[in-house]
Each structure stands twice: as structure tokens, then as C-alpha cells.
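Taking it in order: structure first as C-alpha cells, then the write-up.
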Amino acid sequence: MNEKKIIIAIDGFASCGKSTLARQLAEKLGYVYIDSGAIYRALMLYFLKNNLDFNDPNALQQGLSEAKISFRFNPQTRTNEVCLNGRNVESEIRDMRVSRKVSELSKIKAVRQRVVELLREIGKDKGIVMDGRDIGTVVFPDAELKLFVTADFQERIRRRYEELKQKGVSVSREEIAQNLRERDEADIHRKESPLRKAPDAVEVDNTHLTPAQQLQLVYEMAWKKIHPLH
């Protein structure tokens, strides 16, 4: 069988289900899943915990040099979870205080350059599914399969609300809507690597798709790229 390893880049707005899709697709293909947003969130957590102002150039350099980010495979969830200086912070980085500030941090050129370097190193052997905001446009512009995931804004609010509720986080729909608007604005208009659909990306609107339907749709696309002679 003619099978090759590829890079699958999944971009899109917050709370469109990119991570769920990427995680499921990686498992179905036997690939490694990498959540690029987790790296930015882990960095933001480090700045918060150490009371470092990332708008101060000296504090920014201190944080970027001291925060050691890695991924550790969790056999229970069968995914790579983010660690900050050796400690698993997968749950902590989803906190709203991180969500409120992470887009601001991710605008900074030095931060994005550091994260892009790390992501490229992780993906150098291919066989990965990575989701984020600029994976297909900046991190892996030569990825064999690029997807741009979208969903209706009200549906995104509902999904984020349900996600946080399941984790025991008390937050209003209004607060989520405001957070998503701010993140969309920051992602689209930031100077460094703004969120945009790559010219060769396939747009997937999953507003009315179940996770299973979306997974099957994308799996078929990936299968054709992995087995080009079939």
C-alpha cells in the first residue's frame, strides 16, 4: 500500500471544534495530535503565575526563557497534554483568566516566533494533526492538507458554555460571547500572523454537522492525501 506521512493543518476561530476534530482525526489515523493554542495558553499561565508583565520587554524575555513547554502523552485520553516546566497544566490553561489575556500575548512578534520554532520542531517528522490560527498559513505553509473550520457564532457560544459547564467553570453566556468577540477581533486584526484562510485550505462549516459526520468528511480527505495512488 502506498502510504506516506503528511501534515494536517486545521485553522479556524475559537470554539469551532477544531481541537475535537484534530484529536479525533489524529487518533483515527494513528497520528500525533498537537494543540498549538495550548502553547500560547501555557505561556500566558506562566506570566500570570509569576506576575510578569509581557508588555515589559525585559519581563517578556524573562518569561520566554524561563517557561519550558513540552507535551506528554496521556494513555487515558490518548492525547498529548501540555506541560509547563515539567508539570501538567492541561486543565489550568483552560481557565477564563488565561482565555481573557492569551490573544493579547499571542499578538507579540517574539512570542509567535518562539512558538512557531517549537511547532516546526515537533512536526519535522510529519504524521501530525495540528490545530490553531496560523498553522496552514505560517507554521506549515506546505502542509499536505489544510482545513479552515467555521461555525455560526451562536453555536460557538453554546459549545463553549457547555464545555466550561462540564469542567465545573461558572461563567455566563454573555461573558463567553464577549470573550469570543474579543478573541475574534484580536485574531483577525493582529499584525503578526493574523487568522485567515489559506488559499489552498478546504473550508468546513460544522454548524449543522455532528462530530461524527465532520470526522468522516475530513478523514476521507486525509485518506486521499495519504494514499495518493488510490
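Residues in the C-alpha cells are named by chain (A, B, ... in the order shown) and by number from 1 within that chain; ligands are numbered from 1 in the order shown.
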
Excluding Pro228 in chain A and its own-chain neighbours fewer than 5 positions away, which residues fall within 10 Å of it when counting only C-alpha atoms? Please give them as a PyMOL selection string.
chain A and resi 2-4+222-223

Generate the output file for the selected residues, N, CA, C and O atoms, as a PDB file, in the first residue's frame.
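Contents of part.pdb, as written:
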```
ATOM      1  N   ASN A   2       0.579   2.192  -0.898  1.00  0.00           N
ATOM      2  CA  ASN A   2       1.366   3.419  -0.985  1.00  0.00           C
ATOM      3  C   ASN A   2       0.854   4.426   0.041  1.00  0.00           C
ATOM      4  O   ASN A   2      -0.091   5.162  -0.197  1.00  0.00           O
ATOM      5  N   GLU A   3       1.490   4.435   1.201  1.00  0.00           N
ATOM      6  CA  GLU A   3       1.076   5.341   2.263  1.00  0.00           C
ATOM      7  C   GLU A   3       2.233   6.243   2.646  1.00  0.00           C
ATOM      8  O   GLU A   3       3.363   5.790   2.825  1.00  0.00           O
ATOM      9  N   LYS A   4       1.963   7.525   2.762  1.00  0.00           N
ATOM     10  CA  LYS A   4       3.003   8.460   3.177  1.00  0.00           C
ATOM     11  C   LYS A   4       2.506   9.251   4.384  1.00  0.00           C
ATOM     12  O   LYS A   4       1.294   9.408   4.585  1.00  0.00           O
ATOM     13  N   ALA A 222      -8.266  13.248   4.163  1.00  0.00           N
ATOM     14  CA  ALA A 222      -6.916  12.869   4.597  1.00  0.00           C
ATOM     15  C   ALA A 222      -6.485  11.557   3.939  1.00  0.00           C
ATOM     16  O   ALA A 222      -5.331  11.414   3.515  1.00  0.00           O
ATOM     17  N   TRP A 223      -7.393  10.612   3.846  1.00  0.00           N
ATOM     18  CA  TRP A 223      -7.075   9.290   3.288  1.00  0.00           C
ATOM     19  C   TRP A 223      -6.572   9.428   1.849  1.00  0.00           C
ATOM     20  O   TRP A 223      -5.614   8.771   1.439  1.00  0.00           O
TER      21      TRP A 223
END
```

Give me the residues near Gly17 in chain A as a CSV table (one decimal) with N, CA and C atoms, in the first residue's frame, where near means some atom within 9 Å (using only C-alpha atoms) and where sequence neighbours in that chain fewer than 2 positions away do not count.
```csv
chain,number,residue,atom,x,y,z
A,12,GLY,N,-8.9,28.0,12.3
A,12,GLY,CA,-10.3,28.5,12.5
A,12,GLY,C,-10.5,29.3,13.7
A,13,PHE,N,-11.7,29.8,13.9
A,13,PHE,CA,-12.0,30.7,15.1
A,13,PHE,C,-12.1,29.8,16.3
A,14,ALA,N,-12.0,30.5,17.5
A,14,ALA,CA,-12.2,29.9,18.8
A,14,ALA,C,-13.5,29.2,18.9
A,15,SER,N,-13.6,28.1,19.6
A,15,SER,CA,-14.8,27.3,19.8
A,15,SER,C,-15.6,26.9,18.6
A,19,SER,N,-10.2,21.6,17.9
A,19,SER,CA,-9.4,20.7,18.8
A,19,SER,C,-10.0,19.3,18.8
A,20,THR,N,-11.4,19.3,19.0
A,20,THR,CA,-12.1,18.0,19.0
A,20,THR,C,-11.8,17.2,17.7
A,21,LEU,N,-12.0,18.0,16.6
A,21,LEU,CA,-11.8,17.3,15.2
A,21,LEU,C,-10.3,16.8,15.1
A,22,ALA,N,-9.4,17.7,15.5
A,22,ALA,CA,-8.0,17.3,15.3
A,22,ALA,C,-7.6,16.1,16.1
A,149,VAL,N,-11.9,25.7,9.7
A,149,VAL,CA,-13.1,25.3,10.3
A,149,VAL,C,-13.9,26.5,10.8
A,150,THR,N,-15.2,26.5,10.4
A,150,THR,CA,-16.1,27.6,10.9
A,150,THR,C,-17.3,27.1,11.5
A,151,ALA,N,-18.1,28.0,12.2
A,151,ALA,CA,-19.4,27.6,12.7
A,151,ALA,C,-20.1,28.9,13.1
A,156,ARG,N,-21.1,28.6,18.5
A,156,ARG,CA,-19.8,28.6,19.2
A,156,ARG,C,-20.0,29.0,20.6
A,159,ARG,N,-21.4,25.9,22.5
A,159,ARG,CA,-20.4,24.9,22.6
A,159,ARG,C,-19.4,25.2,23.8
A,206,ASN,N,-19.1,23.5,10.3
A,206,ASN,CA,-19.6,22.4,11.0
A,206,ASN,C,-20.8,22.8,11.9
A,211,PRO,N,-20.1,15.8,15.4
A,211,PRO,CA,-18.7,15.5,15.4
A,211,PRO,C,-18.4,14.2,14.5
```

Just asking: which residues within range 9-218 of chain A are helix (DSSP H, G or I) according to DSSP, as a ChimeraX atom specification?
/A:18-29,36-49,57-66,92-94,96-106,109-122,135-139,153-166,173-189,211-218

Please tabulate, as a tab-separated table, the residues of range 30-94 of chain A that come within 12 Å of range 123-130 of chain A, each with its closest pair of atoms and the distance in Å to one decimal, counting only C-alpha atoms and ordering rows by chain, then residue number upward.
```
residue	atom	partner	partner_atom	distance
A:Gly30	CA	A:Gly127	CA	8.2
A:Tyr31	CA	A:Gly127	CA	5.2
A:Val32	CA	A:Ile128	CA	4.7
A:Tyr33	CA	A:Val129	CA	4.9
A:Ile34	CA	A:Met130	CA	4.8
A:Asp35	CA	A:Met130	CA	5.9
A:Ser36	CA	A:Met130	CA	6.7
A:Gly37	CA	A:Met130	CA	9.6
A:Ala38	CA	A:Met130	CA	11.0
A:Ile39	CA	A:Met130	CA	11.9
A:Thr79	CA	A:Val129	CA	11.3
A:Asn80	CA	A:Met130	CA	11.3
```

Running DSSP on the backbone, which parts of range 6-62 of chain A land in strand (DSSP E or B), as a PyMOL selection string?
chain A and resi 7-12+32-35

Would you mind exporting the chosen residues as a JSON list (two decimals), in the first residue's frame, restricted to all heavy atoms?
```
[["chain", "number", "residue", "atom", "x", "y", "z"],
["A", 7, "ILE", "N", 1.34, 16.22, 6.97],
["A", 7, "ILE", "CA", 0.97, 17.18, 8.00],
["A", 7, "ILE", "C", -0.43, 17.68, 7.67],
["A", 7, "ILE", "O", -0.72, 18.07, 6.54],
["A", 7, "ILE", "CB", 1.95, 18.37, 8.04],
["A", 7, "ILE", "CG1", 3.31, 17.91, 8.57],
["A", 7, "ILE", "CG2", 1.39, 19.50, 8.92],
["A", 7, "ILE", "CD1", 4.38, 18.98, 8.52],
["A", 8, "ILE", "N", -1.31, 17.64, 8.67],
["A", 8, "ILE", "CA", -2.67, 18.14, 8.52],
["A", 8, "ILE", "C", -2.80, 19.38, 9.39],
["A", 8, "ILE", "O", -2.64, 19.32, 10.61],
["A", 8, "ILE", "CB", -3.71, 17.08, 8.91],
["A", 8, "ILE", "CG1", -3.55, 15.84, 8.02],
["A", 8, "ILE", "CG2", -5.13, 17.65, 8.80],
["A", 8, "ILE", "CD1", -4.39, 14.65, 8.43],
["A", 9, "ALA", "N", -3.06, 20.53, 8.76],
["A", 9, "ALA", "CA", -3.16, 21.81, 9.47],
["A", 9, "ALA", "C", -4.62, 22.23, 9.54],
["A", 9, "ALA", "O", -5.30, 22.31, 8.52],
["A", 9, "ALA", "CB", -2.35, 22.87, 8.73],
["A", 10, "ILE", "N", -5.10, 22.47, 10.76],
["A", 10, "ILE", "CA", -6.50, 22.86, 10.96],
["A", 10, "ILE", "C", -6.54, 24.23, 11.63],
["A", 10, "ILE", "O", -6.12, 24.39, 12.77],
["A", 10, "ILE", "CB", -7.26, 21.82, 11.82],
["A", 10, "ILE", "CG1", -7.17, 20.43, 11.19],
["A", 10, "ILE", "CG2", -8.72, 22.25, 12.01],
["A", 10, "ILE", "CD1", -7.86, 19.34, 11.97],
["A", 11, "ASP", "N", -7.05, 25.22, 10.90],
["A", 11, "ASP", "CA", -7.18, 26.57, 11.43],
["A", 11, "ASP", "C", -8.66, 26.95, 11.56],
["A", 11, "ASP", "O", -9.53, 26.30, 10.97],
["A", 11, "ASP", "CB", -6.47, 27.58, 10.51],
["A", 11, "ASP", "CG", -4.96, 27.41, 10.53],
["A", 11, "ASP", "OD1", -4.40, 27.30, 11.63],
["A", 11, "ASP", "OD2", -4.35, 27.37, 9.44],
["A", 12, "GLY", "N", -8.91, 28.02, 12.30],
["A", 12, "GLY", "CA", -10.28, 28.49, 12.46],
["A", 12, "GLY", "C", -10.45, 29.30, 13.73],
["A", 12, "GLY", "O", -9.52, 29.45, 14.51],
["A", 32, "VAL", "N", -0.04, 11.91, 15.56],
["A", 32, "VAL", "CA", 0.15, 12.67, 16.80],
["A", 32, "VAL", "C", -0.67, 13.96, 16.71],
["A", 32, "VAL", "O", -0.60, 14.67, 15.70],
["A", 32, "VAL", "CB", 1.64, 13.02, 17.01],
["A", 32, "VAL", "CG1", 1.81, 13.92, 18.23],
["A", 32, "VAL", "CG2", 2.46, 11.74, 17.17],
["A", 33, "TYR", "N", -1.44, 14.25, 17.75],
["A", 33, "TYR", "CA", -2.21, 15.49, 17.80],
["A", 33, "TYR", "C", -1.48, 16.54, 18.61],
["A", 33, "TYR", "O", -1.03, 16.27, 19.73],
["A", 33, "TYR", "CB", -3.59, 15.24, 18.42],
["A", 33, "TYR", "CG", -4.27, 16.51, 18.88],
["A", 33, "TYR", "CD1", -4.61, 17.51, 17.96],
["A", 33, "TYR", "CD2", -4.54, 16.74, 20.23],
["A", 33, "TYR", "CE1", -5.19, 18.69, 18.38],
["A", 33, "TYR", "CE2", -5.13, 17.92, 20.64],
["A", 33, "TYR", "CZ", -5.46, 18.89, 19.72],
["A", 33, "TYR", "OH", -6.03, 20.06, 20.13],
["A", 34, "ILE", "N", -1.36, 17.74, 18.06],
["A", 34, "ILE", "CA", -0.73, 18.87, 18.76],
["A", 34, "ILE", "C", -1.68, 20.07, 18.75],
["A", 34, "ILE", "O", -2.09, 20.54, 17.69],
["A", 34, "ILE", "CB", 0.61, 19.27, 18.09],
["A", 34, "ILE", "CG1", 1.61, 18.11, 18.12],
["A", 34, "ILE", "CG2", 1.19, 20.49, 18.80],
["A", 34, "ILE", "CD1", 2.07, 17.68, 19.49],
["A", 35, "ASP", "N", -2.01, 20.55, 19.93],
["A", 35, "ASP", "CA", -2.84, 21.73, 20.11],
["A", 35, "ASP", "C", -1.91, 22.94, 20.24],
["A", 35, "ASP", "O", -1.35, 23.18, 21.31],
["A", 35, "ASP", "CB", -3.71, 21.56, 21.36],
["A", 35, "ASP", "CG", -4.49, 22.81, 21.74],
["A", 35, "ASP", "OD1", -4.48, 23.78, 20.95],
["A", 35, "ASP", "OD2", -5.10, 22.81, 22.82]]
```

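Interatomic distance, CA of Ala143 in chain A against CA of Asp200 in chain A: 9.9 Å.
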
Between CA of Arg23 in chain A and CA of Pro75 in chain A, distance in Å (one decimal):
13.5 Å

Extract, using only C-alpha atoms, all DNA, RNA and protein residues at most 8 Å from Gly136 in chain A, discarding same-chain residues fewer than 2 positions from it, and format them as a VMD selection string.
chain A and resid 9 to 11 134 138 to 143 146 to 147 198 201

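Compared by their closest atoms to Ile108 in chain A, and using only C-alpha atoms, the residues A:Asp131, A:Glu220, A:Glu192, A:Glu203 rank with A:Glu192 nearest.
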
Straight-line distance linking CA of Asn51 in chain A with CA of Val116 in chain A, stated in Å to one decimal
24.6 Å

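Of the listed residues A:Asp205, A:Asp95, A:Glu27, A:Glu104, the one whose atoms come nearest to Lys165 in chain A is A:Asp95, with distances taken using only C-alpha atoms.
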
Pick out the residues sitting within 12 Å of Arg183 in chain A, and hand them over as an MDAnalysis selection string; count only C-alpha atoms, and ignore anything fewer than 5 positions along from it in its own chain.
chainID A and resid 12:15 98:107 133 176:178 188:190 194:195

Residues of range 68-103 of chain A that approach range 41-44 of chain A to 9 Å or less, counting only C-alpha atoms: could you list each one with the shortest pair of atoms and its distance in Å to one decimal, rows by chain and increasing residue number, as CSV?
```
residue,atom,partner,partner_atom,distance
A:Lys68,CA,A:Leu43,CA,8.7
A:Ile69,CA,A:Ala42,CA,7.3
A:Val82,CA,A:Ala42,CA,7.5
A:Cys83,CA,A:Ala42,CA,7.7
A:Leu84,CA,A:Ala42,CA,6.4
A:Val89,CA,A:Ala42,CA,7.3
A:Glu90,CA,A:Ala42,CA,8.4
A:Glu92,CA,A:Ala42,CA,8.5
A:Ile93,CA,A:Arg41,CA,5.5
A:Arg94,CA,A:Arg41,CA,7.7
A:Val98,CA,A:Met44,CA,6.3
A:Ser99,CA,A:Arg41,CA,7.6
A:Lys101,CA,A:Met44,CA,7.2
A:Val102,CA,A:Met44,CA,5.9
```

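The closest residue to Gln24 in chain A, picked from A:Asp184, A:Gln214, A:Asn55, A:Val204 and counting only C-alpha atoms, is A:Gln214.
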